[in-house]
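Here the structure is laid out as structure tokens; the discussion comes afterwards.
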Amino acid sequence: MPLFVDDFIWLPAGGTPVGDVGSLKAVTLAAAVLYLLGGVLFGIVMYRCAVLARWAALMLAAGAAVTVIAAVIPHSAARILAIPVGIALAGLGYSLFREQRAPAAESVAVTSKIPLDPAAAK
């Protein structure tokens, strides 16, 4: 069991498994690709929509893209690559929190002067 745990821990960092890990290697690769694409696309979309802080959206896209080099640097140094993504998520959350919201518009039934009679509908 300890060898499987070692393989499980070192597999995302590019290590070679000693024992049988099944399809875990393919799942790890798919998760890495989806994290990269999801972070970059979400950052670009948030930047283009200009709904939240644009600096945080750019930092999210850049931070997700930079994680590609995590496979070629030591694992202890790769942890630092998560800092820009964390700051970006905190910035996006803060900009969402500080937004002033206007009350929702009244419904059409309330604002129209014509009474709605469901019995008259055909």
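Chains: A, B, ... in order of the structure tokens. Residues: from 1 per chain. Ligands: from 1, in order shown.
Using only C-alpha atoms, the protein and nucleic acid residues lying no more than 7 Å from A:Met59, apart from those fewer than 4 places from it along its own chain, are Trp55, Gly63, Pro84, Val85 and Ala88 of chain A.
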Those residues with C-alpha atoms, as a PDB file, in the first residue's frame please?
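again-v8.pdb, written as the output of this step:
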ATOM      1  CA  TRP A  55      -6.699  42.509 -13.581  1.00  0.00           C
ATOM      2  CA  GLY A  63      -1.611  31.783 -13.651  1.00  0.00           C
ATOM      3  CA  PRO A  84      -1.186  33.886  -8.765  1.00  0.00           C
ATOM      4  CA  VAL A  85      -4.281  31.711  -9.264  1.00  0.00           C
ATOM      5  CA  ALA A  88      -6.811  36.011  -8.909  1.00  0.00           C
TER       6      ALA A  88
END
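Non-sequential neighbours of A:Arg79 (distance at most 12 Å, separation of 3 or more positions within a chain, only C-alpha atoms) are Ala13, Gly63, Val66, Thr67, Ile69, Ala70, Ala71, Ile73, Pro74, His75, Ser76, Ala82, Ile83, Pro84, Val85 and Gly86 of chain A.
For A:Ala64, the non-local neighbours within 10 Å, defined as residues at least 3 positions apart in the same chain or in other chains and counting only C-alpha atoms, are Tyr35, Leu36, Leu37, Gly38, Gly39, Val40, Leu41, Phe42, Gly43, Leu58, Met59, Leu60, Ala61, Thr67, Val68, Leu81, Ala82, Pro84 and Val85 of chain A.
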Since we have the selection now, will you write its residues out, keeping C-alpha atoms, as a JSON list (two decimals), in the first residue's frame?
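Result file is part.json:
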[["chain", "number", "residue", "atom", "x", "y", "z"],
["A", 35, "TYR", "CA", -7.37, 22.67, -15.59],
["A", 36, "LEU", "CA", -5.18, 24.49, -18.09],
["A", 37, "LEU", "CA", -7.93, 25.03, -20.67],
["A", 38, "GLY", "CA", -10.58, 25.88, -18.08],
["A", 39, "GLY", "CA", -8.45, 28.44, -16.28],
["A", 40, "VAL", "CA", -7.26, 30.15, -19.44],
["A", 41, "LEU", "CA", -10.69, 30.23, -21.09],
["A", 42, "PHE", "CA", -12.46, 31.36, -17.92],
["A", 43, "GLY", "CA", -9.90, 34.15, -17.44],
["A", 58, "LEU", "CA", -5.87, 38.34, -16.58],
["A", 59, "MET", "CA", -4.02, 36.98, -13.57],
["A", 60, "LEU", "CA", -6.25, 33.89, -13.56],
["A", 61, "ALA", "CA", -5.58, 33.20, -17.24],
["A", 67, "THR", "CA", 1.27, 25.92, -14.50],
["A", 68, "VAL", "CA", 2.49, 24.12, -17.61],
["A", 81, "LEU", "CA", 2.78, 28.65, -9.18],
["A", 82, "ALA", "CA", -0.54, 28.37, -7.32],
["A", 84, "PRO", "CA", -1.19, 33.89, -8.77],
["A", 85, "VAL", "CA", -4.28, 31.71, -9.26]]
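Proximity to A:Val45 was assessed for A:Val33, A:Phe97, A:Ile80, A:Ala57 counting only C-alpha atoms; the smallest distance is recorded for A:Ala57.
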